[in-house]
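Here is the file my_file04.csv (CSV, C-alpha atoms).
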```
chain,number,residue,atom,x,y,z
K,12,MET,CA,4.3,73.9,126.2
K,13,ALA,CA,6.2,73.6,123.0
K,14,THR,CA,6.2,75.4,119.7
K,15,LYS,CA,3.6,74.1,117.2
K,16,PHE,CA,2.4,74.8,113.7
K,17,PHE,CA,-0.5,77.2,113.3
K,18,GLY,CA,-3.0,74.5,112.5
K,19,GLN,CA,-2.3,72.5,115.6
K,20,TYR,CA,-2.5,75.7,117.7
K,21,LEU,CA,-6.0,76.5,116.3
K,22,LEU,CA,-7.0,72.9,116.9
K,23,GLU,CA,-5.9,73.0,120.5
K,24,LYS,CA,-7.9,76.2,121.0
K,25,SER,CA,-10.9,74.5,119.4
K,26,LEU,CA,-11.1,77.2,116.8
K,27,ILE,CA,-11.1,74.5,114.1
K,28,ASN,CA,-11.8,70.8,114.4
K,29,LYS,CA,-9.6,67.8,113.2
K,30,ASP,CA,-11.6,67.3,110.0
K,31,GLN,CA,-11.2,71.0,109.1
K,32,LEU,CA,-7.5,70.9,109.8
K,33,LEU,CA,-7.0,67.8,107.6
K,34,SER,CA,-9.1,69.2,104.8
K,35,ALA,CA,-7.2,72.6,104.9
K,36,LEU,CA,-3.9,70.8,104.8
K,37,ASN,CA,-5.0,68.8,101.8
K,38,GLU,CA,-6.2,72.0,100.1
K,39,GLN,CA,-2.9,73.6,100.9
K,40,ARG,CA,-1.0,70.7,99.2
K,41,ARG,CA,-3.3,70.9,96.2
K,42,LEU,CA,-3.0,74.7,95.8
K,43,ASN,CA,0.8,75.0,96.5
K,44,PRO,CA,2.6,72.9,93.9
K,45,LYS,CA,6.2,71.9,94.7
K,46,ILE,CA,9.0,73.1,92.5
K,47,GLY,CA,9.3,69.7,90.9
K,48,GLU,CA,5.6,69.6,90.0
K,49,LEU,CA,5.8,73.0,88.5
K,50,ALA,CA,8.9,72.1,86.5
K,51,VAL,CA,7.1,69.2,84.9
K,52,ILE,CA,4.0,71.3,84.2
K,53,GLU,CA,6.2,74.0,82.6
K,54,GLY,CA,8.0,71.3,80.5
K,55,TYR,CA,11.4,72.1,82.1
K,56,LEU,CA,11.7,68.5,83.3
K,57,ASP,CA,10.2,65.2,82.3
K,58,ASP,CA,8.8,62.7,84.8
K,59,ALA,CA,11.9,60.6,84.7
K,60,GLN,CA,14.2,63.5,85.5
K,61,ALA,CA,11.9,64.6,88.4
K,62,LYS,CA,11.9,61.1,89.8
K,63,LYS,CA,15.7,61.0,89.6
K,64,ILE,CA,16.0,64.2,91.6
K,65,ASN,CA,13.5,62.9,94.2
K,66,GLN,CA,15.6,59.8,94.5
K,67,ARG,CA,18.8,61.8,94.9
K,68,GLN,CA,17.0,63.9,97.6
K,69,LYS,CA,16.7,60.7,99.7
K,70,ALA,CA,20.5,60.4,99.8
K,71,GLU,CA,21.5,64.1,100.0
K,72,ASP,CA,20.3,66.9,102.1
K,73,ALA,CA,19.6,69.3,99.3
K,74,ARG,CA,16.7,71.2,97.8
K,75,PHE,CA,15.0,70.0,94.7
K,76,GLY,CA,16.0,73.1,92.7
K,77,ASP,CA,19.6,73.0,93.7
K,78,LEU,CA,19.8,69.3,92.7
K,79,ALA,CA,18.1,70.1,89.4
K,80,LEU,CA,20.9,72.6,88.7
K,81,ASN,CA,23.7,70.3,89.9
K,82,MET,CA,22.4,67.6,87.7
K,83,LYS,CA,22.2,70.1,84.8
K,84,PHE,CA,18.5,69.2,84.2
K,85,MET,CA,17.5,72.9,84.5
K,86,THR,CA,19.1,76.3,84.1
K,87,GLU,CA,19.3,78.9,86.8
K,88,GLU,CA,16.9,81.1,84.8
K,89,GLN,CA,14.3,78.3,84.7
K,90,LEU,CA,14.6,77.7,88.4
K,91,ASN,CA,14.1,81.4,89.2
K,92,THR,CA,11.1,81.5,87.0
K,93,LEU,CA,9.6,78.6,88.9
K,94,ILE,CA,10.4,80.1,92.3
K,95,ASP,CA,8.7,83.3,91.2
K,96,LYS,CA,5.7,81.4,89.9
K,97,GLN,CA,5.5,79.4,93.1
K,98,ALA,CA,5.6,82.5,95.2
K,99,GLY,CA,2.9,84.1,93.0
K,100,ILE,CA,0.4,81.4,93.5
K,101,ARG,CA,1.3,80.4,97.1
K,102,LYS,CA,-1.6,80.4,99.5
K,103,PHE,CA,-1.0,80.5,103.2
K,104,PHE,CA,-2.7,78.1,105.6
K,105,GLY,CA,-4.7,80.9,107.3
K,106,GLU,CA,-6.1,82.2,104.0
K,107,ILE,CA,-7.2,78.7,103.1
K,108,LEU,CA,-9.1,78.3,106.4
K,109,VAL,CA,-10.9,81.6,105.6
K,110,ASP,CA,-11.7,80.6,102.0
K,111,LEU,CA,-13.1,77.3,103.2
K,112,GLY,CA,-15.2,79.2,105.7
K,113,TYR,CA,-13.7,77.5,108.7
K,114,ILE,CA,-12.6,80.7,110.5
K,115,GLU,CA,-13.5,84.4,110.3
K,116,ARG,CA,-10.7,86.7,109.0
K,117,GLU,CA,-10.7,88.9,112.0
K,118,ILE,CA,-10.3,86.0,114.4
K,119,LEU,CA,-7.6,84.6,112.2
K,120,VAL,CA,-5.5,87.8,112.2
K,121,ASN,CA,-5.8,88.1,116.0
K,122,GLU,CA,-4.8,84.4,116.5
K,123,LEU,CA,-2.0,84.7,114.0
K,124,ASN,CA,-0.4,87.5,116.0
K,125,THR,CA,-0.8,85.7,119.3
K,126,HIS,CA,0.6,82.5,117.9
K,127,LYS,CA,3.7,84.3,116.4
K,128,GLN,CA,4.4,86.0,119.8
K,129,GLU,CA,4.1,82.7,121.7
K,130,GLN,CA,6.3,80.9,119.2
K,131,LYS,CA,9.0,83.6,119.5
K,132,GLU,CA,9.0,83.3,123.3
K,133,LEU,CA,9.0,79.5,123.2
K,134,GLU,CA,11.8,79.3,120.7
K,135,HIS,CA,13.9,81.7,122.8
K,136,ASN,CA,13.3,79.7,126.0
K,137,SER,CA,14.0,76.5,124.2
K,138,GLN,CA,17.3,77.7,123.0
K,139,LEU,CA,18.2,78.9,126.5
K,140,LYS,CA,17.3,75.5,127.9
K,141,ILE,CA,19.5,73.7,125.3
K,142,ALA,CA,22.4,76.0,125.8
K,143,GLU,CA,22.4,75.4,129.5
K,144,HIS,CA,22.0,71.7,129.1
K,145,PRO,CA,25.2,69.6,129.6
K,146,ASP,CA,24.2,67.5,126.6
K,147,ALA,CA,23.6,70.5,124.3
K,148,ARG,CA,25.8,69.0,121.5
K,149,CYS,CA,23.9,65.7,121.4
K,150,ILE,CA,20.5,67.4,121.5
K,151,ASN,CA,21.4,69.7,118.6
K,152,LEU,CA,22.9,66.8,116.7
K,153,LEU,CA,19.8,64.6,117.1
K,154,ALA,CA,17.3,67.4,116.3
K,155,ASP,CA,19.3,68.1,113.1
K,156,ILE,CA,19.5,64.4,112.1
K,157,VAL,CA,15.8,63.8,112.7
K,158,GLY,CA,14.8,66.9,110.8
K,159,LYS,CA,17.0,66.0,107.8
K,160,LEU,CA,16.1,62.3,107.7
K,161,PHE,CA,12.4,63.0,107.9
K,162,THR,CA,12.7,65.1,104.7
K,163,ARG,CA,14.9,62.6,102.9
K,164,THR,CA,13.1,59.5,103.7
K,165,LEU,CA,9.5,60.7,104.1
K,166,GLY,CA,9.4,63.9,102.1
K,167,VAL,CA,8.2,66.1,104.9
K,168,PRO,CA,10.4,68.2,107.3
K,169,ALA,CA,10.3,67.7,111.0
K,170,THR,CA,11.2,70.6,113.2
K,171,PHE,CA,12.5,70.7,116.8
K,172,CYS,CA,10.1,72.4,119.1
K,173,GLY,CA,11.5,72.1,122.6
K,174,LEU,CA,12.9,69.9,125.4
K,175,THR,CA,11.1,67.9,128.0
K,176,LEU,CA,13.2,66.3,130.7
K,177,SER,CA,12.8,63.1,132.8
K,178,GLU,CA,9.7,63.1,134.9
K,179,ASP,CA,7.9,65.8,132.9
K,180,LEU,CA,8.2,63.6,129.9
K,181,LYS,CA,5.9,61.0,131.4
K,182,ILE,CA,3.2,63.6,131.6
K,183,SER,CA,3.9,65.5,128.3
K,184,ALA,CA,4.3,62.4,126.2
K,185,SER,CA,1.6,60.3,127.9
K,186,ARG,CA,-0.7,60.6,124.9
K,187,PHE,CA,1.9,58.9,122.7
K,188,THR,CA,1.0,55.3,123.0
K,189,HIS,CA,3.8,53.7,121.0
K,190,LEU,CA,7.5,53.6,121.9
K,191,SER,CA,10.3,52.2,119.7
K,192,SER,CA,13.8,52.1,121.2
K,193,ILE,CA,17.3,51.2,120.0
K,194,SER,CA,20.2,50.6,122.4
K,195,ILE,CA,23.7,51.7,121.4
K,196,GLU,CA,26.5,49.9,123.3
K,197,SER,CA,29.7,52.0,123.5
K,198,ASN,CA,31.8,53.9,125.9
K,199,ILE,CA,28.6,55.5,127.2
K,200,ASP,CA,25.6,53.2,126.6
K,201,THR,CA,22.7,55.2,125.2
K,202,THR,CA,19.2,54.4,124.1
K,203,LEU,CA,17.3,56.4,121.4
K,204,SER,CA,13.5,56.2,121.2
K,205,ILE,CA,10.7,57.5,119.2
K,206,ALA,CA,7.4,58.0,121.1
K,207,CYS,CA,4.4,58.7,118.8
K,208,GLY,CA,0.8,57.9,118.1
K,209,ASN,CA,-0.6,55.2,115.9
K,210,GLY,CA,-1.5,57.6,113.1
K,211,LEU,CA,2.0,58.9,112.7
K,212,MET,CA,3.4,55.4,112.5
K,213,HIS,CA,1.0,54.5,109.7
K,214,GLU,CA,2.0,57.6,107.8
K,215,VAL,CA,5.7,56.8,108.3
K,216,ALA,CA,5.2,53.3,106.8
K,217,SER,CA,3.0,54.6,103.9
K,218,ARG,CA,5.6,57.2,102.9
K,219,LEU,CA,8.7,55.1,103.6
K,220,ILE,CA,7.5,52.1,101.6
K,221,GLN,CA,5.5,54.2,99.1
K,222,MET,CA,2.4,52.2,99.8
K,223,ASP,CA,-1.2,53.3,100.1
K,224,LEU,CA,-2.1,54.3,103.7
K,225,SER,CA,-5.1,51.9,103.7
K,226,GLU,CA,-2.8,49.0,103.0
K,227,VAL,CA,-0.5,49.6,106.0
K,228,ASP,CA,-1.3,47.3,108.9
K,229,ASP,CA,-0.2,47.8,112.5
K,230,GLU,CA,2.7,45.4,112.3
K,231,LEU,CA,4.1,47.2,109.2
K,232,ALA,CA,3.6,50.6,110.9
K,233,TRP,CA,5.7,49.4,113.9
K,234,ASP,CA,8.3,48.0,111.6
K,235,ALA,CA,8.7,51.1,109.5
K,236,THR,CA,8.9,53.4,112.5
K,237,GLY,CA,11.6,51.1,114.0
K,238,GLU,CA,13.5,51.2,110.7
K,239,LEU,CA,13.3,55.0,110.6
K,240,LEU,CA,14.7,55.0,114.2
K,241,ASN,CA,17.4,52.5,113.0
K,242,ILE,CA,18.5,55.0,110.3
K,243,ILE,CA,18.4,57.9,112.8
K,244,THR,CA,20.5,55.8,115.2
K,245,GLY,CA,23.1,55.0,112.6
K,246,TYR,CA,23.7,58.7,111.8
K,247,TYR,CA,23.6,59.7,115.5
K,248,ALA,CA,26.1,57.0,116.6
K,249,LYS,CA,28.4,57.9,113.7
K,250,ASP,CA,28.5,61.6,114.6
K,251,SER,CA,28.2,61.4,118.4
K,252,ILE,CA,30.7,58.7,119.4
K,253,SER,CA,34.3,59.4,119.1
K,254,GLU,CA,36.3,57.4,116.6
K,255,ALA,CA,38.4,56.0,119.5
K,256,TYR,CA,35.4,54.0,120.6
K,257,SER,CA,33.5,51.3,118.8
K,258,TYR,CA,29.8,50.9,119.1
K,259,LYS,CA,27.2,48.3,118.5
K,260,ALA,CA,23.5,49.0,117.9
K,261,LYS,CA,20.7,46.5,118.8
K,262,PRO,CA,17.6,45.9,116.7
K,263,PRO,CA,14.5,48.1,117.7
K,264,VAL,CA,12.4,47.1,120.6
K,265,PHE,CA,8.7,48.1,120.7
K,266,SER,CA,6.6,48.8,123.7
K,267,ASN,CA,3.8,51.1,124.9
K,268,LYS,CA,5.4,51.9,128.3
K,269,LEU,CA,7.0,55.3,128.1
K,270,GLU,CA,7.4,55.4,131.8
K,271,SER,CA,9.8,52.4,131.7
K,272,LEU,CA,12.4,54.8,130.3
K,273,THR,CA,12.3,57.1,133.3
K,274,GLU,CA,12.4,54.1,135.6
K,275,ILE,CA,15.4,52.5,134.0
K,276,TYR,CA,17.6,55.5,133.0
K,277,GLN,CA,19.1,58.3,135.1
K,278,THR,CA,19.0,60.8,132.3
K,279,VAL,CA,16.1,61.0,129.9
K,280,ILE,CA,15.9,63.9,127.4
K,281,GLY,CA,12.8,64.3,125.2
K,282,LEU,CA,13.0,66.3,122.0
K,283,ARG,CA,9.6,67.4,121.0
K,284,MET,CA,9.4,67.3,117.2
K,285,ASP,CA,6.6,68.6,114.9
K,286,SER,CA,5.8,67.6,111.3
K,287,GLU,CA,3.0,67.6,108.8
K,288,LEU,CA,2.3,64.0,109.8
K,289,GLY,CA,1.9,64.8,113.5
K,290,ASP,CA,4.0,65.6,116.5
K,291,PHE,CA,6.2,63.1,118.3
K,292,TYR,CA,9.2,62.8,120.6
K,293,VAL,CA,12.7,61.5,120.1
K,294,ILE,CA,14.3,60.6,123.4
K,295,ILE,CA,17.9,60.2,124.5
K,296,SER,CA,18.2,57.9,127.6
K,297,ARG,CA,21.3,57.1,129.5
J,16,MET,CA,25.6,35.6,81.5
J,17,LYS,CA,25.5,37.9,84.5
J,18,GLY,CA,23.4,36.4,87.3
J,19,ASN,CA,20.4,38.3,88.6
J,20,THR,CA,19.1,36.3,91.5
J,21,VAL,CA,19.1,38.0,94.9
J,22,LEU,CA,18.8,37.1,98.6
J,23,ILE,CA,17.5,40.0,100.7
J,24,CYS,CA,18.3,39.8,104.4
J,25,ASP,CA,16.9,42.5,106.7
J,26,ASP,CA,15.0,42.2,109.9
J,27,SER,CA,12.7,45.1,108.7
J,28,ARG,CA,9.8,44.0,106.6
J,29,SER,CA,9.5,47.6,105.3
J,30,ILE,CA,13.1,47.5,104.0
J,31,ARG,CA,12.5,44.1,102.4
J,32,LEU,CA,9.4,45.4,100.6
J,33,ILE,CA,11.1,48.6,99.4
J,34,THR,CA,14.2,46.7,98.2
J,35,LYS,CA,12.2,44.0,96.5
J,36,ARG,CA,10.2,46.5,94.6
J,37,VAL,CA,13.4,48.4,93.4
J,38,LEU,CA,15.0,45.1,92.4
J,39,ASN,CA,12.0,43.8,90.5
J,40,GLU,CA,11.7,47.1,88.6
J,41,ASN,CA,15.3,46.8,87.5
J,42,GLY,CA,15.3,43.2,86.2
J,43,TYR,CA,16.5,41.4,89.3
J,44,THR,CA,14.7,38.4,90.9
J,45,VAL,CA,14.5,38.1,94.6
J,46,VAL,CA,14.7,34.3,95.1
J,47,CYS,CA,14.6,34.3,98.9
J,48,GLU,CA,14.3,36.6,102.0
J,49,ALA,CA,15.7,36.3,105.5
J,50,SER,CA,15.1,38.4,108.6
J,51,ASN,CA,18.3,37.5,110.5
J,52,GLY,CA,21.8,36.3,109.9
J,53,ARG,CA,21.1,32.7,110.7
J,54,GLU,CA,18.3,32.6,108.1
J,55,ALA,CA,20.5,34.3,105.6
J,56,THR,CA,23.2,31.7,105.9
J,57,GLU,CA,20.6,28.9,105.6
J,58,GLN,CA,18.9,30.6,102.6
J,59,TYR,CA,22.2,31.2,100.9
J,60,GLN,CA,23.1,27.5,101.2
J,61,GLN,CA,19.8,26.5,99.8
J,62,HIS,CA,19.3,28.9,96.9
J,63,LYS,CA,22.9,30.0,96.1
J,64,PRO,CA,21.8,33.5,94.9
J,65,ASP,CA,24.1,35.5,92.6
J,66,ILE,CA,23.9,38.5,95.0
J,67,THR,CA,23.1,38.9,98.7
J,68,LEU,CA,21.9,42.1,100.2
J,69,LEU,CA,22.8,42.0,103.9
J,70,ASP,CA,21.7,44.3,106.8
J,71,LEU,CA,24.0,44.5,109.8
J,72,VAL,CA,21.8,45.2,112.9
J,73,MET,CA,19.6,42.2,113.3
J,74,PRO,CA,18.4,39.9,116.0
J,75,GLU,CA,19.9,36.4,116.8
J,76,VAL,CA,22.9,36.4,114.4
J,77,ASP,CA,23.8,39.8,113.1
J,78,GLY,CA,25.0,40.8,109.6
J,79,LYS,CA,28.7,40.8,110.4
J,80,GLN,CA,28.5,37.3,111.7
J,81,ALA,CA,26.4,36.2,108.7
J,82,LEU,CA,28.9,37.8,106.3
J,83,LYS,CA,31.7,35.7,107.8
J,84,GLN,CA,29.6,32.5,107.7
J,85,ILE,CA,28.6,33.0,104.1
J,86,ILE,CA,32.1,33.9,102.9
J,87,GLU,CA,33.4,30.8,104.7
J,88,LEU,CA,30.8,28.7,102.8
J,89,ASP,CA,31.5,30.4,99.5
J,90,PRO,CA,34.6,32.7,99.3
J,91,ASN,CA,33.2,34.0,95.9
J,92,ALA,CA,29.8,35.1,97.4
J,93,LYS,CA,28.8,38.6,96.2
J,94,ILE,CA,27.5,40.4,99.3
J,95,ILE,CA,26.4,44.0,99.4
J,96,ILE,CA,25.9,45.5,102.9
J,97,LEU,CA,22.8,47.7,103.2
J,98,SER,CA,22.9,49.1,106.7
J,99,SER,CA,21.9,52.1,108.8
J,100,LEU,CA,25.4,52.0,110.3
J,101,GLY,CA,28.0,53.9,108.4
J,102,SER,CA,31.2,54.4,110.5
J,103,GLU,CA,34.5,54.0,108.9
J,104,GLN,CA,35.2,51.0,111.2
J,105,ASP,CA,32.0,49.3,110.1
J,106,VAL,CA,32.7,49.8,106.4
J,107,GLU,CA,36.3,48.8,106.7
J,108,GLU,CA,35.5,45.7,108.7
J,109,CYS,CA,32.8,44.5,106.3
J,110,LEU,CA,34.8,45.1,103.2
J,111,SER,CA,37.8,43.4,104.8
J,112,ASN,CA,35.7,40.4,105.6
J,113,GLY,CA,34.6,39.9,102.0
J,114,ALA,CA,31.7,42.2,101.4
J,115,THR,CA,31.7,43.5,97.8
J,116,SER,CA,30.1,46.9,98.5
J,117,TYR,CA,28.6,48.9,101.4
J,118,ILE,CA,25.6,51.2,101.1
J,119,GLN,CA,24.3,53.3,104.0
J,120,LYS,CA,20.5,53.6,104.5
J,121,PRO,CA,18.5,55.5,103.5
J,122,PHE,CA,19.7,54.3,100.1
J,123,GLU,CA,19.2,56.0,96.7
J,124,GLU,CA,17.7,53.5,94.2
J,125,ASP,CA,20.3,54.4,91.5
J,126,ILE,CA,23.2,53.8,93.9
J,127,LEU,CA,21.8,50.4,94.9
J,128,ILE,CA,21.2,49.3,91.3
J,129,ARG,CA,24.6,50.6,90.2
J,130,ALA,CA,26.2,48.5,93.0
J,131,LEU,CA,24.3,45.4,91.7
J,132,ASN,CA,25.1,46.1,88.1
J,133,ASN,CA,28.8,46.5,88.9
J,134,ILE,CA,29.0,43.0,90.3
```
This entry written out as structure tokens:
Amino acid sequence: MATKFFGQYLLEKSLINKDQLLSALNEQRRLNPKIGELAVIEGYLDDAQAKKINQRQKAEDARFGDLALNMKFMTEEQLNTLIDKQAGIRKFFGEILVDLGYIEREILVNELNTHKQEQKELEHNSQLKIAEHPDARCINLLADIVGKLFTRTLGVPATFCGLTLSEDLKISASRFTHLSSISIESNIDTTLSIACGNGLMHEVASRLIQMDLSEVDDELAWDATGELLNIITGYYAKDSISEAYSYKAKPPVFSNKLESLTEIYQTVIGLRMDSELGDFYVIISR
Amino acid sequence: MKGNTVLICDDSRSIRLITKRVLNENGYTVVCEASNGREATEQYQQHKPDITLLDLVMPEVDGKQALKQIIELDPNAKIIILSSLGSEQDVEECLSNGATSYIQKPFEEDILIRALNNI
């Protein structure tokens, strides 16, 4: 069992259904404007400046507000006003579910407490598991890179939720029907993979290419997911392989056979990741 | 007059689509596309683009080999590497072998256009 965001937790417990979850997420996006959107509404930024900051975010791991200050598009006072404004109108996911009539308040409060407690325990166990693992450095590095690159390239964060090792991965990740893998040849040959569902791949393509979701075909969804993995691999190889060794990465290979990883490689480490677009695994195999 | 025709070589259709959009929006004309190094060399010979955007990790003939082949054909070729790889060794190797510039993916639109405009 891995950590999960509250909506998914309620879905798994059948307290809300998939349509309600999606509709509440849409409502949450509608009701909780981003700092950039507020800045344009308030007239602190024009559309061109906001676009420039969004573009810069793709290349730098920085928050919108911090970049706006660095680029001298806004003053600190303006940013603080926006942050206060955002906090004032912010609506939490649970409140939205209640407002939409999808769940009763009393049940929500109970489930929220249970969820918080479970997450705390899971995070604690997860950290223990990583700390004990001989590949702790690589795992932390990959989780960090995936989290940051998701935000930069797709505009949504991805968070590390836990580890699943070798044989267990076959069971835990069996619902993920798509596997994209890239091999890195170096002093220690390594393969990085993303295991995910069809829906997440289409979302990745839509956001990466800035194309309407309905226009994304399966081939393009595969391609974009492979390209995202390609970018992740570039950063991972750069930071994980000592400068003393050279490396060569191969183009992505697509399959739907997750079990092939555990059959081929001795060490298979699955990092369960969660994002607004869905959950997925990134896998280190050696 | 400064040339504005571009060859995009990347095995990813997604990246070709994104790059083409950015270039079109900024006054450049994509005259041909290639999805591996062999095609890039062929397209280069055929279209003689002003600028070539070249990925490194590709099937068949990779970008580093294509870079050498294109420079051999045309020592004045203007080639910008656009790759997910970004180690010091990769950058140094490509620039030494004739690349004009090197941009690591994911790229910022402004940085790509600046690199093109600087040619």
In Å to one decimal, how far is CA of Asp285 (chain K) from CA of Thr162 (chain K)?
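Distance between the two atoms: 12.4 Å.
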Would you give me, as a Markdown table, each residue of chain J having an atom within 8 Å of an atom of chain K, along with its shortest atom pair and that distance in Å to one decimal, using all atoms listed in the file and sorting by chain and residue number?
```
| residue | atom | partner | partner_atom | distance |
| --- | --- | --- | --- | --- |
| J:Ser27 | CA | K:Asp234 | CA | 6.0 |
| J:Arg28 | CA | K:Asp234 | CA | 6.6 |
| J:Ser29 | CA | K:Ala235 | CA | 5.5 |
| J:Ile30 | CA | K:Ile220 | CA | 7.6 |
| J:Leu32 | CA | K:Ile220 | CA | 7.0 |
| J:Ile33 | CA | K:Ile220 | CA | 5.5 |
| J:Val72 | CA | K:Pro262 | CA | 5.7 |
| J:Met73 | CA | K:Pro262 | CA | 5.4 |
| J:Pro74 | CA | K:Pro262 | CA | 6.1 |
| J:Ser99 | CA | K:Ile242 | CA | 4.7 |
| J:Leu100 | CA | K:Gly245 | CA | 4.4 |
| J:Gly101 | CA | K:Gly245 | CA | 6.5 |
| J:Ser102 | CA | K:Lys249 | CA | 5.5 |
| J:Gln104 | CA | K:Ser257 | CA | 7.8 |
| J:Lys120 | CA | K:Ile242 | CA | 6.3 |
| J:Pro121 | CA | K:Ala70 | CA | 6.5 |
| J:Phe122 | CA | K:Ala70 | CA | 6.2 |
| J:Glu123 | CA | K:Ala70 | CA | 5.5 |
| J:Glu124 | CA | K:Gln66 | CA | 6.6 |
| J:Asp125 | CA | K:Gln66 | CA | 7.8 |
```
Name all residues at most 8 Å from His62 (chain J) (count only C-alpha atoms; drop same-chain ones fewer than 4 positions away) and give them as a list in words.
Val46, Cys47 and Gln58 of chain J
Report, in Å to a single decimal, how far apart CA of Leu119 (chain K) and CA of Gly210 (chain K) are.
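It comes out at 27.7 Å.
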Which distance in Å separates CA of Gly18 (chain K) and CA of Ala73 (chain K), to one decimal?
26.7 Å
Would you list the contacts of region 168-177 of chain K as a PDB file with C-alpha atoms, keeping the file's coordinate frame, taking every protein, DNA or RNA residue within 6 Å and counting only C-alpha atoms, but skipping same-chain residues closer than 5 positions in sequence?
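Produced file selection08.pdb, reproduced below:
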```
ATOM      1  CA  ALA K  13       6.200  73.600 123.000  1.00  0.00           C
ATOM      2  CA  THR K  14       6.200  75.400 119.700  1.00  0.00           C
ATOM      3  CA  SER K 137      14.000  76.500 124.200  1.00  0.00           C
ATOM      4  CA  ALA K 154      17.300  67.400 116.300  1.00  0.00           C
ATOM      5  CA  GLY K 158      14.800  66.900 110.800  1.00  0.00           C
ATOM      6  CA  PHE K 161      12.400  63.000 107.900  1.00  0.00           C
ATOM      7  CA  THR K 162      12.700  65.100 104.700  1.00  0.00           C
ATOM      8  CA  VAL K 279      16.100  61.000 129.900  1.00  0.00           C
ATOM      9  CA  ILE K 280      15.900  63.900 127.400  1.00  0.00           C
ATOM     10  CA  GLY K 281      12.800  64.300 125.200  1.00  0.00           C
ATOM     11  CA  LEU K 282      13.000  66.300 122.000  1.00  0.00           C
ATOM     12  CA  ARG K 283       9.600  67.400 121.000  1.00  0.00           C
ATOM     13  CA  MET K 284       9.400  67.300 117.200  1.00  0.00           C
ATOM     14  CA  ASP K 285       6.600  68.600 114.900  1.00  0.00           C
ATOM     15  CA  SER K 286       5.800  67.600 111.300  1.00  0.00           C
TER      16      SER K 286
END
```
Using all atoms listed in the file: which of J:Ile134, J:Ile128, J:Ile95, J:Ala55 has the shortest distance to Asn39 (chain J):
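Comparing J:Ile134, J:Ile128, J:Ile95, J:Ala55 against Asn39 (chain J), the winner is J:Ile128.
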Within 7 Å of (29.1, 31.8, 94.8) (coordinates as in the file), grab all the protein and nucleic acid residues, counting all atoms listed in the file, and write them out as a list of chain:residue names.
J:Lys63, J:Asp65, J:Asp89, J:Asn91, J:Ala92, J:Lys93
At a cut-off of 10 Å, using all atoms listed in the file, what residues contact Lys79 (chain J)? Leave out same-chain residues fewer than 4 positions from it and give the result as a compact mmCIF listing (two decimals) with C-alpha atoms, in the coordinates of the input.
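around_0.txt written:
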```
# COMPACT_ATOMS: atom_id res chain seq x y z
CA GLY J 52 21.80 36.30 109.90
CA LEU J 69 22.80 42.00 103.90
CA ASP J 70 21.70 44.30 106.80
CA LEU J 71 24.00 44.50 109.80
CA VAL J 72 21.80 45.20 112.90
CA MET J 73 19.60 42.20 113.30
CA LYS J 83 31.70 35.70 107.80
CA GLN J 84 29.60 32.50 107.70
CA ILE J 96 25.90 45.50 102.90
CA ASP J 105 32.00 49.30 110.10
CA GLU J 108 35.50 45.70 108.70
CA CYS J 109 32.80 44.50 106.30
CA ASN J 112 35.70 40.40 105.60
CA ALA J 114 31.70 42.20 101.40
```
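Minimum atom-to-atom distance to Ser192 (chain K), evaluated using all atoms listed in the file, belongs to K:Ala206 out of K:Ile107, K:Leu93, K:Ala206, K:Leu224.
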So that I can check the surroundings of Phe84 (chain K), please list as a list in words every protein, DNA and RNA residue that reaches within 12 Å of it, counting all atoms listed in the file and ignoring chain neighbours fewer than 2 positions away.
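Here the qualifying residues turn out to be Gly47, Ala50, Val51, Gly54, Tyr55, Leu56, Asp57, Asp58, Ala59, Gln60, Ala61, Lys62, Lys63, Ile64, Phe75, Gly76, Asp77, Leu78, Ala79, Leu80, Asn81, Met82, Thr86, Glu87, Gln89 and Leu90 of chain K.
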Pick from J:Ala49, J:Leu82, J:Leu68, J:Leu88 nearest to Ile118 (chain J), counting all atoms listed in the file
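Looking only at the distances to Ile118 (chain J), the closest residue turns out to be J:Leu68.
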Add whatever atoms are absent from region 142-149 of chain K to reach N, CA and C atoms, and provide the output as a PDB file, in the frame of the given file.
```
ATOM      1  N   ALA K 142      21.078  75.484 125.533  1.00  0.00           N
ATOM      2  CA  ALA K 142      22.400  76.000 125.800  1.00  0.00           C
ATOM      3  C   ALA K 142      22.902  75.714 127.168  1.00  0.00           C
ATOM      4  N   GLU K 143      21.968  75.669 128.113  1.00  0.00           N
ATOM      5  CA  GLU K 143      22.400  75.400 129.500  1.00  0.00           C
ATOM      6  C   GLU K 143      22.532  73.921 129.779  1.00  0.00           C
ATOM      7  N   HIS K 144      22.041  73.094 128.872  1.00  0.00           N
ATOM      8  CA  HIS K 144      22.000  71.700 129.100  1.00  0.00           C
ATOM      9  C   HIS K 144      23.427  71.055 128.879  1.00  0.00           C
ATOM     10  N   PRO K 145      23.900  70.170 129.777  1.00  0.00           N
ATOM     11  CA  PRO K 145      25.200  69.600 129.600  1.00  0.00           C
ATOM     12  C   PRO K 145      25.317  68.736 128.287  1.00  0.00           C
ATOM     13  N   ASP K 146      24.153  68.270 127.795  1.00  0.00           N
ATOM     14  CA  ASP K 146      24.200  67.500 126.600  1.00  0.00           C
ATOM     15  C   ASP K 146      23.766  68.269 125.339  1.00  0.00           C
ATOM     16  N   ALA K 147      24.032  69.569 125.375  1.00  0.00           N
ATOM     17  CA  ALA K 147      23.600  70.500 124.300  1.00  0.00           C
ATOM     18  C   ALA K 147      24.030  69.940 122.911  1.00  0.00           C
ATOM     19  N   ARG K 148      25.261  69.437 122.828  1.00  0.00           N
ATOM     20  CA  ARG K 148      25.800  69.000 121.500  1.00  0.00           C
ATOM     21  C   ARG K 148      24.956  67.819 120.985  1.00  0.00           C
ATOM     22  N   CYS K 149      24.697  66.842 121.854  1.00  0.00           N
ATOM     23  CA  CYS K 149      23.900  65.700 121.400  1.00  0.00           C
ATOM     24  C   CYS K 149      22.508  66.048 121.042  1.00  0.00           C
TER      25      CYS K 149
END
```
